[in-house]
>>> print(open('start24.cif').read())   # mmCIF, N, CA and C atoms
data_structure
#
loop_
_atom_site.label_atom_id
_atom_site.label_comp_id
_atom_site.auth_asym_id
_atom_site.auth_seq_id
_atom_site.Cartn_x
_atom_site.Cartn_y
_atom_site.Cartn_z
N MET A 1028 0.85 -1.16 0.00
CA MET A 1028 0.00 0.00 0.00
C MET A 1028 0.89 1.23 0.00
N ARG A 1029 0.61 2.15 -0.87
CA ARG A 1029 1.43 3.33 -0.99
C ARG A 1029 1.16 4.32 0.15
N PHE A 1030 2.05 5.30 0.25
CA PHE A 1030 1.95 6.29 1.32
C PHE A 1030 0.64 7.07 1.24
N THR A 1031 0.21 7.42 0.04
CA THR A 1031 -1.04 8.18 -0.10
C THR A 1031 -2.23 7.34 0.36
N SER A 1032 -2.18 6.05 0.12
CA SER A 1032 -3.26 5.17 0.59
C SER A 1032 -3.28 5.10 2.10
N TRP A 1033 -2.11 5.01 2.72
CA TRP A 1033 -2.03 5.00 4.19
C TRP A 1033 -2.55 6.31 4.76
N LEU A 1034 -2.19 7.39 4.13
CA LEU A 1034 -2.65 8.70 4.58
C LEU A 1034 -4.16 8.82 4.46
N PHE A 1035 -4.71 8.39 3.34
CA PHE A 1035 -6.16 8.41 3.14
C PHE A 1035 -6.86 7.49 4.13
N PHE A 1036 -6.29 6.32 4.38
CA PHE A 1036 -6.87 5.37 5.33
C PHE A 1036 -6.86 5.97 6.74
N SER A 1037 -5.78 6.61 7.12
CA SER A 1037 -5.71 7.25 8.44
C SER A 1037 -6.75 8.34 8.57
N PHE A 1038 -6.94 9.10 7.50
CA PHE A 1038 -7.95 10.16 7.50
C PHE A 1038 -9.35 9.59 7.66
N ILE A 1039 -9.62 8.48 6.99
CA ILE A 1039 -10.94 7.84 7.08
C ILE A 1039 -11.21 7.35 8.50
N VAL A 1040 -10.23 6.71 9.11
CA VAL A 1040 -10.40 6.21 10.48
C VAL A 1040 -10.63 7.39 11.43
N LEU A 1041 -9.84 8.44 11.27
CA LEU A 1041 -10.00 9.61 12.12
C LEU A 1041 -11.36 10.26 11.92
N LEU A 1042 -11.81 10.35 10.70
CA LEU A 1042 -13.12 10.94 10.40
C LEU A 1042 -14.24 10.10 10.99
N GLU A 1043 -14.12 8.78 10.90
CA GLU A 1043 -15.15 7.91 11.44
C GLU A 1043 -15.23 8.00 12.96
N VAL A 1044 -14.09 8.12 13.61
CA VAL A 1044 -14.07 8.19 15.06
C VAL A 1044 -14.60 9.52 15.57
N THR A 1045 -14.30 10.59 14.86
CA THR A 1045 -14.60 11.92 15.39
C THR A 1045 -15.94 12.49 14.97
N SER A 1046 -16.37 12.28 13.72
CA SER A 1046 -17.49 13.10 13.29
C SER A 1046 -18.61 12.42 12.51
N THR A 1047 -18.50 11.19 12.15
CA THR A 1047 -19.55 10.59 11.34
C THR A 1047 -19.98 9.24 11.90
N GLN A 1048 -21.21 8.87 11.59
CA GLN A 1048 -21.71 7.55 11.98
C GLN A 1048 -21.54 6.54 10.85
N LEU A 1049 -21.17 7.00 9.68
CA LEU A 1049 -20.99 6.11 8.55
C LEU A 1049 -19.78 5.20 8.75
N PRO A 1050 -19.90 3.92 8.46
CA PRO A 1050 -18.75 3.02 8.56
C PRO A 1050 -17.82 3.16 7.35
N LEU A 1051 -17.13 4.27 7.30
CA LEU A 1051 -16.25 4.57 6.17
C LEU A 1051 -15.09 3.58 6.06
N THR A 1052 -14.60 3.13 7.20
CA THR A 1052 -13.50 2.17 7.20
C THR A 1052 -13.94 0.85 6.57
N LEU A 1053 -15.15 0.44 6.84
CA LEU A 1053 -15.68 -0.78 6.25
C LEU A 1053 -15.77 -0.66 4.74
N ILE A 1054 -16.21 0.48 4.26
CA ILE A 1054 -16.32 0.69 2.82
C ILE A 1054 -14.93 0.71 2.18
N PHE A 1055 -13.97 1.36 2.85
CA PHE A 1055 -12.60 1.40 2.33
C PHE A 1055 -12.00 -0.01 2.29
N LEU A 1056 -12.25 -0.80 3.32
CA LEU A 1056 -11.74 -2.17 3.34
C LEU A 1056 -12.39 -3.02 2.25
N LEU A 1057 -13.68 -2.82 2.02
CA LEU A 1057 -14.35 -3.51 0.92
C LEU A 1057 -13.73 -3.13 -0.41
N PHE A 1058 -13.50 -1.85 -0.59
CA PHE A 1058 -12.90 -1.35 -1.82
C PHE A 1058 -11.52 -1.97 -2.04
N LEU A 1059 -10.69 -2.01 -0.99
CA LEU A 1059 -9.37 -2.64 -1.10
C LEU A 1059 -9.48 -4.13 -1.41
N THR A 1060 -10.43 -4.79 -0.77
CA THR A 1060 -10.60 -6.22 -0.99
C THR A 1060 -10.99 -6.52 -2.42
N VAL A 1061 -11.90 -5.74 -2.95
CA VAL A 1061 -12.36 -5.95 -4.33
C VAL A 1061 -11.25 -5.65 -5.32
N MET A 1062 -10.48 -4.61 -5.07
CA MET A 1062 -9.44 -4.21 -6.01
C MET A 1062 -8.17 -5.05 -5.90
N LYS A 1063 -7.71 -5.32 -4.70
CA LYS A 1063 -6.40 -5.97 -4.52
C LYS A 1063 -6.49 -7.48 -4.33
N ARG A 1064 -7.46 -7.95 -3.55
CA ARG A 1064 -7.63 -9.38 -3.26
C ARG A 1064 -6.35 -10.00 -2.68
N GLU A 1065 -5.78 -9.33 -1.69
CA GLU A 1065 -4.55 -9.82 -1.08
C GLU A 1065 -4.77 -10.05 0.41
N GLU A 1066 -3.89 -10.85 1.00
CA GLU A 1066 -4.05 -11.26 2.39
C GLU A 1066 -3.70 -10.17 3.39
N TRP A 1067 -2.88 -9.19 3.03
CA TRP A 1067 -2.51 -8.15 3.99
C TRP A 1067 -3.69 -7.28 4.39
N ILE A 1068 -4.78 -7.37 3.64
CA ILE A 1068 -5.97 -6.59 3.99
C ILE A 1068 -6.57 -7.10 5.30
N PHE A 1069 -6.41 -8.39 5.60
CA PHE A 1069 -6.88 -8.92 6.88
C PHE A 1069 -6.16 -8.25 8.05
N PHE A 1070 -4.86 -8.06 7.92
CA PHE A 1070 -4.09 -7.40 8.99
C PHE A 1070 -4.52 -5.94 9.14
N LEU A 1071 -4.74 -5.30 8.01
CA LEU A 1071 -5.20 -3.91 8.04
C LEU A 1071 -6.58 -3.82 8.70
N ALA A 1072 -7.46 -4.74 8.39
CA ALA A 1072 -8.80 -4.75 8.98
C ALA A 1072 -8.73 -4.99 10.48
N PHE A 1073 -7.85 -5.89 10.90
CA PHE A 1073 -7.70 -6.17 12.32
C PHE A 1073 -7.22 -4.93 13.08
N PHE A 1074 -6.16 -4.30 12.58
CA PHE A 1074 -5.63 -3.14 13.28
C PHE A 1074 -6.55 -1.93 13.19
N ALA A 1075 -7.25 -1.77 12.09
CA ALA A 1075 -8.21 -0.67 11.98
C ALA A 1075 -9.35 -0.86 12.99
N GLY A 1076 -9.80 -2.08 13.14
CA GLY A 1076 -10.85 -2.36 14.12
C GLY A 1076 -10.40 -2.10 15.54
N ILE A 1077 -9.17 -2.48 15.85
CA ILE A 1077 -8.63 -2.22 17.19
C ILE A 1077 -8.55 -0.72 17.44
N ILE A 1078 -8.05 0.02 16.47
CA ILE A 1078 -7.94 1.48 16.62
C ILE A 1078 -9.32 2.10 16.80
N LEU A 1079 -10.29 1.67 15.99
CA LEU A 1079 -11.65 2.20 16.13
C LEU A 1079 -12.24 1.87 17.49
N ASP A 1080 -12.00 0.67 17.98
CA ASP A 1080 -12.52 0.30 19.29
C ASP A 1080 -11.88 1.12 20.41
N ILE A 1081 -10.60 1.35 20.31
CA ILE A 1081 -9.91 2.13 21.35
C ILE A 1081 -10.43 3.55 21.39
N PHE A 1082 -10.51 4.18 20.23
CA PHE A 1082 -10.93 5.58 20.20
C PHE A 1082 -12.43 5.76 20.42
N SER A 1083 -13.22 4.74 20.13
CA SER A 1083 -14.67 4.83 20.33
C SER A 1083 -15.10 4.31 21.70
N LEU A 1084 -14.14 3.82 22.48
CA LEU A 1084 -14.39 3.29 23.82
C LEU A 1084 -15.39 2.14 23.81
N ARG A 1085 -15.17 1.20 22.92
CA ARG A 1085 -15.98 -0.01 22.82
C ARG A 1085 -15.15 -1.20 23.30
N ALA A 1086 -15.80 -2.35 23.39
CA ALA A 1086 -15.10 -3.58 23.75
C ALA A 1086 -14.03 -3.87 22.69
N LEU A 1087 -12.83 -4.14 23.15
CA LEU A 1087 -11.69 -4.32 22.26
C LEU A 1087 -11.85 -5.60 21.43
N GLY A 1088 -11.74 -5.47 20.13
CA GLY A 1088 -11.81 -6.60 19.21
C GLY A 1088 -13.15 -6.79 18.55
N GLN A 1089 -14.16 -6.09 19.01
CA GLN A 1089 -15.51 -6.23 18.47
C GLN A 1089 -15.55 -5.80 17.00
N THR A 1090 -15.02 -4.65 16.70
CA THR A 1090 -15.03 -4.14 15.33
C THR A 1090 -14.09 -4.95 14.45
N SER A 1091 -12.95 -5.35 15.00
CA SER A 1091 -12.00 -6.16 14.24
C SER A 1091 -12.64 -7.47 13.79
N LEU A 1092 -13.36 -8.10 14.68
CA LEU A 1092 -14.01 -9.36 14.35
C LEU A 1092 -15.02 -9.17 13.22
N LEU A 1093 -15.81 -8.12 13.28
CA LEU A 1093 -16.77 -7.86 12.23
C LEU A 1093 -16.08 -7.57 10.90
N PHE A 1094 -15.01 -6.77 10.92
CA PHE A 1094 -14.25 -6.49 9.69
C PHE A 1094 -13.67 -7.75 9.09
N LEU A 1095 -13.09 -8.60 9.92
CA LEU A 1095 -12.47 -9.84 9.43
C LEU A 1095 -13.50 -10.78 8.83
N ILE A 1096 -14.64 -10.93 9.50
CA ILE A 1096 -15.70 -11.79 8.96
C ILE A 1096 -16.22 -11.22 7.64
N PHE A 1097 -16.38 -9.92 7.58
CA PHE A 1097 -16.88 -9.27 6.37
C PHE A 1097 -15.93 -9.50 5.19
N ILE A 1098 -14.65 -9.28 5.39
CA ILE A 1098 -13.68 -9.48 4.32
C ILE A 1098 -13.59 -10.95 3.92
N PHE A 1099 -13.65 -11.84 4.90
CA PHE A 1099 -13.64 -13.27 4.61
C PHE A 1099 -14.83 -13.66 3.74
N LEU A 1100 -16.02 -13.16 4.06
CA LEU A 1100 -17.20 -13.48 3.27
C LEU A 1100 -17.11 -12.92 1.85
N VAL A 1101 -16.57 -11.72 1.72
CA VAL A 1101 -16.41 -11.13 0.38
C VAL A 1101 -15.45 -11.98 -0.45
N LEU A 1102 -14.35 -12.40 0.15
CA LEU A 1102 -13.38 -13.21 -0.59
C LEU A 1102 -13.91 -14.62 -0.86
N MET A 1103 -14.81 -15.11 -0.02
CA MET A 1103 -15.43 -16.41 -0.30
C MET A 1103 -16.30 -16.35 -1.55
N TYR A 1104 -16.97 -15.23 -1.74
CA TYR A 1104 -17.82 -15.08 -2.92
C TYR A 1104 -17.03 -14.82 -4.19
N GLU A 1105 -15.73 -14.60 -4.06
CA GLU A 1105 -14.89 -14.34 -5.23
C GLU A 1105 -14.94 -15.51 -6.21
N GLU A 1106 -15.03 -16.72 -5.70
CA GLU A 1106 -15.02 -17.88 -6.58
C GLU A 1106 -16.37 -18.12 -7.25
N LYS A 1107 -17.46 -17.64 -6.65
CA LYS A 1107 -18.79 -17.86 -7.22
C LYS A 1107 -19.27 -16.70 -8.08
N TYR A 1108 -18.90 -15.49 -7.69
CA TYR A 1108 -19.38 -14.30 -8.40
C TYR A 1108 -18.19 -13.43 -8.79
N GLU A 1109 -18.45 -12.56 -9.71
CA GLU A 1109 -17.45 -11.55 -10.06
C GLU A 1109 -17.61 -10.41 -9.07
N ILE A 1110 -16.64 -10.24 -8.18
CA ILE A 1110 -16.79 -9.25 -7.12
C ILE A 1110 -16.35 -7.85 -7.56
N SER A 1111 -15.77 -7.73 -8.72
CA SER A 1111 -15.31 -6.42 -9.20
C SER A 1111 -16.36 -5.76 -10.09
N THR A 1112 -17.60 -5.78 -9.64
CA THR A 1112 -18.66 -5.14 -10.40
C THR A 1112 -19.38 -4.14 -9.51
N LEU A 1113 -19.99 -3.16 -10.13
CA LEU A 1113 -20.70 -2.12 -9.40
C LEU A 1113 -21.87 -2.66 -8.57
N PRO A 1114 -22.71 -3.53 -9.10
CA PRO A 1114 -23.81 -4.05 -8.27
C PRO A 1114 -23.32 -4.82 -7.04
N PHE A 1115 -22.26 -5.62 -7.21
CA PHE A 1115 -21.74 -6.36 -6.06
C PHE A 1115 -21.22 -5.41 -4.99
N VAL A 1116 -20.49 -4.38 -5.39
CA VAL A 1116 -19.94 -3.43 -4.43
C VAL A 1116 -21.06 -2.69 -3.71
N MET A 1117 -22.08 -2.28 -4.43
CA MET A 1117 -23.18 -1.54 -3.80
C MET A 1117 -23.98 -2.42 -2.84
N ILE A 1118 -24.29 -3.64 -3.25
CA ILE A 1118 -25.05 -4.54 -2.39
C ILE A 1118 -24.24 -4.93 -1.16
N THR A 1119 -22.97 -5.22 -1.36
CA THR A 1119 -22.11 -5.58 -0.24
C THR A 1119 -21.90 -4.41 0.70
N SER A 1120 -21.76 -3.21 0.17
CA SER A 1120 -21.64 -2.02 1.02
C SER A 1120 -22.89 -1.83 1.85
N PHE A 1121 -24.05 -2.04 1.24
CA PHE A 1121 -25.31 -1.89 1.97
C PHE A 1121 -25.40 -2.88 3.12
N PHE A 1122 -25.23 -4.17 2.81
CA PHE A 1122 -25.38 -5.18 3.85
C PHE A 1122 -24.28 -5.10 4.90
N GLY A 1123 -23.06 -4.81 4.47
CA GLY A 1123 -21.97 -4.67 5.43
C GLY A 1123 -22.20 -3.52 6.39
N SER A 1124 -22.61 -2.39 5.87
CA SER A 1124 -22.87 -1.24 6.74
C SER A 1124 -24.10 -1.46 7.61
N PHE A 1125 -25.11 -2.14 7.07
CA PHE A 1125 -26.30 -2.44 7.86
C PHE A 1125 -25.94 -3.30 9.07
N PHE A 1126 -25.18 -4.36 8.84
CA PHE A 1126 -24.79 -5.23 9.96
C PHE A 1126 -23.82 -4.53 10.90
N TYR A 1127 -22.95 -3.69 10.36
CA TYR A 1127 -22.05 -2.91 11.22
C TYR A 1127 -22.86 -2.01 12.15
N LEU A 1128 -23.82 -1.31 11.59
CA LEU A 1128 -24.65 -0.42 12.40
C LEU A 1128 -25.47 -1.21 13.41
N PHE A 1129 -25.92 -2.39 13.04
CA PHE A 1129 -26.74 -3.21 13.93
C PHE A 1129 -25.91 -3.77 15.09
N PHE A 1130 -24.76 -4.35 14.79
CA PHE A 1130 -23.97 -5.02 15.82
C PHE A 1130 -23.05 -4.09 16.59
N ILE A 1131 -22.46 -3.11 15.92
CA ILE A 1131 -21.46 -2.28 16.58
C ILE A 1131 -22.08 -1.03 17.20
N GLN A 1132 -22.87 -0.31 16.44
CA GLN A 1132 -23.40 0.95 16.95
C GLN A 1132 -24.79 0.80 17.57
N SER A 1133 -25.44 -0.33 17.39
CA SER A 1133 -26.78 -0.59 17.92
C SER A 1133 -27.78 0.50 17.53
N ASP A 1134 -27.54 1.14 16.41
CA ASP A 1134 -28.40 2.21 15.94
C ASP A 1134 -28.59 2.02 14.43
N VAL A 1135 -29.51 1.15 14.08
CA VAL A 1135 -29.70 0.84 12.67
C VAL A 1135 -30.58 1.90 12.04
N GLN A 1136 -30.03 2.59 11.09
CA GLN A 1136 -30.79 3.55 10.30
C GLN A 1136 -30.63 3.15 8.84
N LEU A 1137 -31.72 2.87 8.22
CA LEU A 1137 -31.69 2.41 6.84
C LEU A 1137 -31.07 3.46 5.93
N SER A 1138 -31.27 4.72 6.25
CA SER A 1138 -30.71 5.79 5.41
C SER A 1138 -29.19 5.78 5.44
N LEU A 1139 -28.59 5.42 6.58
CA LEU A 1139 -27.13 5.34 6.65
C LEU A 1139 -26.61 4.18 5.80
N ALA A 1140 -27.31 3.07 5.82
CA ALA A 1140 -26.90 1.92 5.01
C ALA A 1140 -27.02 2.23 3.52
N VAL A 1141 -28.07 2.93 3.13
CA VAL A 1141 -28.25 3.31 1.73
C VAL A 1141 -27.16 4.32 1.33
N THR A 1142 -26.85 5.25 2.22
CA THR A 1142 -25.79 6.22 1.96
C THR A 1142 -24.45 5.51 1.76
N CYS A 1143 -24.18 4.51 2.57
CA CYS A 1143 -22.93 3.75 2.42
C CYS A 1143 -22.91 2.99 1.10
N ALA A 1144 -24.04 2.44 0.70
CA ALA A 1144 -24.10 1.73 -0.58
C ALA A 1144 -23.83 2.70 -1.74
N LEU A 1145 -24.42 3.88 -1.67
CA LEU A 1145 -24.17 4.88 -2.72
C LEU A 1145 -22.73 5.35 -2.71
N LEU A 1146 -22.17 5.56 -1.53
CA LEU A 1146 -20.78 5.98 -1.41
C LEU A 1146 -19.83 4.93 -1.96
N GLY A 1147 -20.10 3.67 -1.63
CA GLY A 1147 -19.28 2.58 -2.17
C GLY A 1147 -19.41 2.47 -3.67
N GLY A 1148 -20.62 2.61 -4.18
CA GLY A 1148 -20.85 2.53 -5.62
C GLY A 1148 -20.20 3.68 -6.38
N ILE A 1149 -20.32 4.89 -5.84
CA ILE A 1149 -19.72 6.05 -6.50
C ILE A 1149 -18.20 5.95 -6.50
N SER A 1150 -17.62 5.54 -5.38
CA SER A 1150 -16.16 5.42 -5.34
C SER A 1150 -15.67 4.34 -6.29
N PHE A 1151 -16.39 3.22 -6.38
CA PHE A 1151 -16.01 2.16 -7.30
C PHE A 1151 -16.14 2.63 -8.75
N PHE A 1152 -17.23 3.33 -9.06
CA PHE A 1152 -17.44 3.84 -10.41
C PHE A 1152 -16.32 4.81 -10.80
N LEU A 1153 -15.97 5.72 -9.89
CA LEU A 1153 -14.90 6.68 -10.19
C LEU A 1153 -13.55 5.99 -10.37
N TYR A 1154 -13.29 4.98 -9.55
CA TYR A 1154 -12.04 4.24 -9.68
C TYR A 1154 -11.96 3.56 -11.05
N GLU A 1155 -13.03 2.88 -11.43
CA GLU A 1155 -13.05 2.20 -12.73
C GLU A 1155 -12.96 3.20 -13.88
N PHE A 1156 -13.63 4.33 -13.75
CA PHE A 1156 -13.60 5.35 -14.79
C PHE A 1156 -12.19 5.89 -15.00
N PHE A 1157 -11.51 6.24 -13.91
CA PHE A 1157 -10.16 6.78 -14.05
C PHE A 1157 -9.14 5.71 -14.43
N LYS A 1158 -9.38 4.48 -14.03
CA LYS A 1158 -8.52 3.37 -14.44
C LYS A 1158 -8.63 3.14 -15.95
N GLN A 1159 -9.85 3.24 -16.46
CA GLN A 1159 -10.06 3.07 -17.90
C GLN A 1159 -9.48 4.25 -18.67
N LYS A 1160 -9.63 5.46 -18.15
CA LYS A 1160 -9.04 6.64 -18.81
C LYS A 1160 -7.53 6.52 -18.87
N LYS A 1161 -6.93 6.03 -17.78
CA LYS A 1161 -5.48 5.89 -17.73
C LYS A 1161 -5.00 4.84 -18.74
N SER A 1162 -5.74 3.74 -18.86
CA SER A 1162 -5.33 2.70 -19.81
C SER A 1162 -5.58 3.14 -21.25
N ASP A 1163 -6.56 4.01 -21.48
CA ASP A 1163 -6.81 4.52 -22.83
C ASP A 1163 -5.72 5.47 -23.29
N THR A 1164 -5.15 6.25 -22.38
CA THR A 1164 -4.13 7.21 -22.75
C THR A 1164 -2.76 6.57 -22.91
N SER A 1165 -2.56 5.38 -22.32
CA SER A 1165 -1.24 4.74 -22.42
C SER A 1165 -1.08 3.99 -23.69
#
>>> encode(input="start24.cif", output="structure tokens")
Amino acid sequence: MRFTSWLFFSFIVLLEVTSTQLPLTLIFLLFLTVMKREEWIFFLAFFAGIILDIFSLRALGQTSLLFLIFIFLVLMYEEKYEISTLPFVMITSFFGSFFYLFFIQSDVQLSLAVTCALLGGISFFLYEFFKQKKSDTS
């Protein structure tokens, strides 16, 4: 992971802890999982969950466990479905954020889950758009 990605990831974790109820870290981890499909994302998910638990004053390991299960399930579906598609990212963002809000924050708001699905879909669409533009110019 490059320095800019680490910086962006740190900003997302800080933003989630301080000012928003949206599970931005979960969406970022989903995005990394879909794009990279590498094992180091499990370590990142574990440490991000620990950091979120510490700063949010929750039971230690609760968020990490949810992140790890979420990434494991996404990678399990890799063999059955094409996970690098917009519908998969949006549906997975919705259900992942819904369960995150249900289990971790105990405050399920359907509008937050829909917002996360849209945010995940928009970020995936922009990534694919700029990736295609870059390959067209080369």
>>> closest_atom_pairs(input="start24.cif", of="stretch 1050-1083 of chain A", to="stretch 1124-1145 of chain A", cutoff="8 Å", atoms="only N, CA and C atoms", output="Markdown table")
| residue | atom | partner | partner_atom | distance |
| --- | --- | --- | --- | --- |
| A:Pro1050 | N | A:Ser1124 | CA | 6.2 |
| A:Leu1051 | N | A:Cys1143 | CA | 7.6 |
| A:Leu1053 | CA | A:Ser1124 | N | 7.1 |
| A:Ile1054 | CA | A:Cys1143 | C | 7.2 |
>>> residues_around(input="start24.cif", residues="stretch 1098-1115 of chain A", least_positions_apart="5", cutoff="8 Å", atoms="all atoms listed in the file", output="number ranges by chain")
A: 1056-1057, 1060-1062, 1064, 1068-1069, 1092-1093, 1120-1121, 1147-1149, 1151-1152
>>> write_last_selection(input="start24.cif", atoms="N, CA and C atoms", output="compact mmCIF listing (two decimals), in the coordinates of the input")
# COMPACT_ATOMS: atom_id res chain seq x y z
N LEU A 1056 -12.25 -0.80 3.32
CA LEU A 1056 -11.74 -2.17 3.34
C LEU A 1056 -12.39 -3.02 2.25
N LEU A 1057 -13.68 -2.82 2.02
CA LEU A 1057 -14.35 -3.51 0.92
C LEU A 1057 -13.73 -3.13 -0.41
N THR A 1060 -10.43 -4.79 -0.77
CA THR A 1060 -10.60 -6.22 -0.99
C THR A 1060 -10.99 -6.52 -2.42
N VAL A 1061 -11.90 -5.74 -2.95
CA VAL A 1061 -12.36 -5.95 -4.33
C VAL A 1061 -11.25 -5.65 -5.32
N MET A 1062 -10.48 -4.61 -5.07
CA MET A 1062 -9.44 -4.21 -6.01
C MET A 1062 -8.17 -5.05 -5.90
N ARG A 1064 -7.46 -7.95 -3.55
CA ARG A 1064 -7.63 -9.38 -3.26
C ARG A 1064 -6.35 -10.00 -2.68
N ILE A 1068 -4.78 -7.37 3.64
CA ILE A 1068 -5.97 -6.59 3.99
C ILE A 1068 -6.57 -7.10 5.30
N PHE A 1069 -6.41 -8.39 5.60
CA PHE A 1069 -6.88 -8.92 6.88
C PHE A 1069 -6.16 -8.25 8.05
N LEU A 1092 -13.36 -8.10 14.68
CA LEU A 1092 -14.01 -9.36 14.35
C LEU A 1092 -15.02 -9.17 13.22
N LEU A 1093 -15.81 -8.12 13.28
CA LEU A 1093 -16.77 -7.86 12.23
C LEU A 1093 -16.08 -7.57 10.90
N SER A 1120 -21.76 -3.21 0.17
CA SER A 1120 -21.64 -2.02 1.02
C SER A 1120 -22.89 -1.83 1.85
N PHE A 1121 -24.05 -2.04 1.24
CA PHE A 1121 -25.31 -1.89 1.97
C PHE A 1121 -25.40 -2.88 3.12
N GLY A 1147 -20.10 3.67 -1.63
CA GLY A 1147 -19.28 2.58 -2.17
C GLY A 1147 -19.41 2.47 -3.67
N GLY A 1148 -20.62 2.61 -4.18
CA GLY A 1148 -20.85 2.53 -5.62
C GLY A 1148 -20.20 3.68 -6.38
N ILE A 1149 -20.32 4.89 -5.84
CA ILE A 1149 -19.72 6.05 -6.50
C ILE A 1149 -18.20 5.95 -6.50
N PHE A 1151 -16.39 3.22 -6.38
CA PHE A 1151 -16.01 2.16 -7.30
C PHE A 1151 -16.14 2.63 -8.75
N PHE A 1152 -17.23 3.33 -9.06
CA PHE A 1152 -17.44 3.84 -10.41
C PHE A 1152 -16.32 4.81 -10.80
>>> closest_residue(input="start24.cif", among="A:Gly1123, A:Phe1058, A:Ser1083, A:Gly1076", to="A:Ser1150", atoms="only N, CA and C atoms")
A:Phe1058
>>> select_by_dssp(input="start24.cif", residues="chain A", states="helix (DSSP H, G or I)", output="JSON, numbers by chain")
{"A": [1030, 1031, 1032, 1033, 1034, 1035, 1036, 1037, 1038, 1039, 1040, 1041, 1042, 1043, 1044, 1045, 1051, 1052, 1053, 1054, 1055, 1056, 1057, 1058, 1059, 1060, 1061, 1062, 1063, 1067, 1068, 1069, 1070, 1071, 1072, 1073, 1074, 1075, 1076, 1077, 1078, 1079, 1080, 1081, 1082, 1083, 1089, 1090, 1091, 1092, 1093, 1094, 1095, 1096, 1097, 1098, 1099, 1100, 1101, 1102, 1103, 1113, 1114, 1115, 1116, 1117, 1118, 1119, 1120, 1121, 1122, 1123, 1124, 1125, 1126, 1127, 1128, 1129, 1130, 1131, 1132, 1137, 1138, 1139, 1140, 1141, 1142, 1143, 1144, 1145, 1146, 1147, 1148, 1149, 1150, 1151, 1152, 1153, 1154, 1155, 1156, 1157, 1158, 1159, 1160, 1161, 1162, 1163, 1164]}
>>> atom_distance(input="start24.cif", atom1="atom N of A:Leu1071", atom2="atom N of A:Leu1041")
15.0 Å
>>> atom_distance(input="start24.cif", atom1="atom CA of A:Val1116", atom2="atom CA of A:Phe1156")
15.0 Å
>>> atom_distance(input="start24.cif", atom1="atom CA of A:Glu1065", atom2="atom CA of A:Leu1095")
13.2 Å
>>> resolve_selection(input="start24.cif", expression="the PyMOL selection byres (((chain A and resi 1078 and name CA) around 10) and name CA)", output="PyMOL selection string")
chain A and resi 1040-1041+1044+1072-1077+1079-1084+1087-1088+1090-1091
>>> write_last_selection(input="start24.cif", atoms="N, CA and C atoms", output="mmCIF file, in the frame of the given file")
data_model
loop_
_atom_site.group_PDB
_atom_site.id
_atom_site.type_symbol
_atom_site.label_atom_id
_atom_site.label_comp_id
_atom_site.auth_asym_id
_atom_site.auth_seq_id
_atom_site.Cartn_x
_atom_site.Cartn_y
_atom_site.Cartn_z
ATOM 1 N N VAL A 1040 -10.230 6.710 9.110
ATOM 2 C CA VAL A 1040 -10.400 6.210 10.480
ATOM 3 C C VAL A 1040 -10.630 7.390 11.430
ATOM 4 N N LEU A 1041 -9.840 8.440 11.270
ATOM 5 C CA LEU A 1041 -10.000 9.610 12.120
ATOM 6 C C LEU A 1041 -11.360 10.260 11.920
ATOM 7 N N VAL A 1044 -14.090 8.120 13.610
ATOM 8 C CA VAL A 1044 -14.070 8.190 15.060
ATOM 9 C C VAL A 1044 -14.600 9.520 15.570
ATOM 10 N N ALA A 1072 -7.460 -4.740 8.390
ATOM 11 C CA ALA A 1072 -8.800 -4.750 8.980
ATOM 12 C C ALA A 1072 -8.730 -4.990 10.480
ATOM 13 N N PHE A 1073 -7.850 -5.890 10.900
ATOM 14 C CA PHE A 1073 -7.700 -6.170 12.320
ATOM 15 C C PHE A 1073 -7.220 -4.930 13.080
ATOM 16 N N PHE A 1074 -6.160 -4.300 12.580
ATOM 17 C CA PHE A 1074 -5.630 -3.140 13.280
ATOM 18 C C PHE A 1074 -6.550 -1.930 13.190
ATOM 19 N N ALA A 1075 -7.250 -1.770 12.090
ATOM 20 C CA ALA A 1075 -8.210 -0.670 11.980
ATOM 21 C C ALA A 1075 -9.350 -0.860 12.990
ATOM 22 N N GLY A 1076 -9.800 -2.080 13.140
ATOM 23 C CA GLY A 1076 -10.850 -2.360 14.120
ATOM 24 C C GLY A 1076 -10.400 -2.100 15.540
ATOM 25 N N ILE A 1077 -9.170 -2.480 15.850
ATOM 26 C CA ILE A 1077 -8.630 -2.220 17.190
ATOM 27 C C ILE A 1077 -8.550 -0.720 17.440
ATOM 28 N N LEU A 1079 -10.290 1.670 15.990
ATOM 29 C CA LEU A 1079 -11.650 2.200 16.130
ATOM 30 C C LEU A 1079 -12.240 1.870 17.490
ATOM 31 N N ASP A 1080 -12.000 0.670 17.980
ATOM 32 C CA ASP A 1080 -12.520 0.300 19.290
ATOM 33 C C ASP A 1080 -11.880 1.120 20.410
ATOM 34 N N ILE A 1081 -10.600 1.350 20.310
ATOM 35 C CA ILE A 1081 -9.910 2.130 21.350
ATOM 36 C C ILE A 1081 -10.430 3.550 21.390
ATOM 37 N N PHE A 1082 -10.510 4.180 20.230
ATOM 38 C CA PHE A 1082 -10.930 5.580 20.200
ATOM 39 C C PHE A 1082 -12.430 5.760 20.420
ATOM 40 N N SER A 1083 -13.220 4.740 20.130
ATOM 41 C CA SER A 1083 -14.670 4.830 20.330
ATOM 42 C C SER A 1083 -15.100 4.310 21.700
ATOM 43 N N LEU A 1084 -14.140 3.820 22.480
ATOM 44 C CA LEU A 1084 -14.390 3.290 23.820
ATOM 45 C C LEU A 1084 -15.390 2.140 23.810
ATOM 46 N N LEU A 1087 -12.830 -4.140 23.150
ATOM 47 C CA LEU A 1087 -11.690 -4.320 22.260
ATOM 48 C C LEU A 1087 -11.850 -5.600 21.430
ATOM 49 N N GLY A 1088 -11.740 -5.470 20.130
ATOM 50 C CA GLY A 1088 -11.810 -6.600 19.210
ATOM 51 C C GLY A 1088 -13.150 -6.790 18.550
ATOM 52 N N THR A 1090 -15.020 -4.650 16.700
ATOM 53 C CA THR A 1090 -15.030 -4.140 15.330
ATOM 54 C C THR A 1090 -14.090 -4.950 14.450
ATOM 55 N N SER A 1091 -12.950 -5.350 15.000
ATOM 56 C CA SER A 1091 -12.000 -6.160 14.240
ATOM 57 C C SER A 1091 -12.640 -7.470 13.790
#
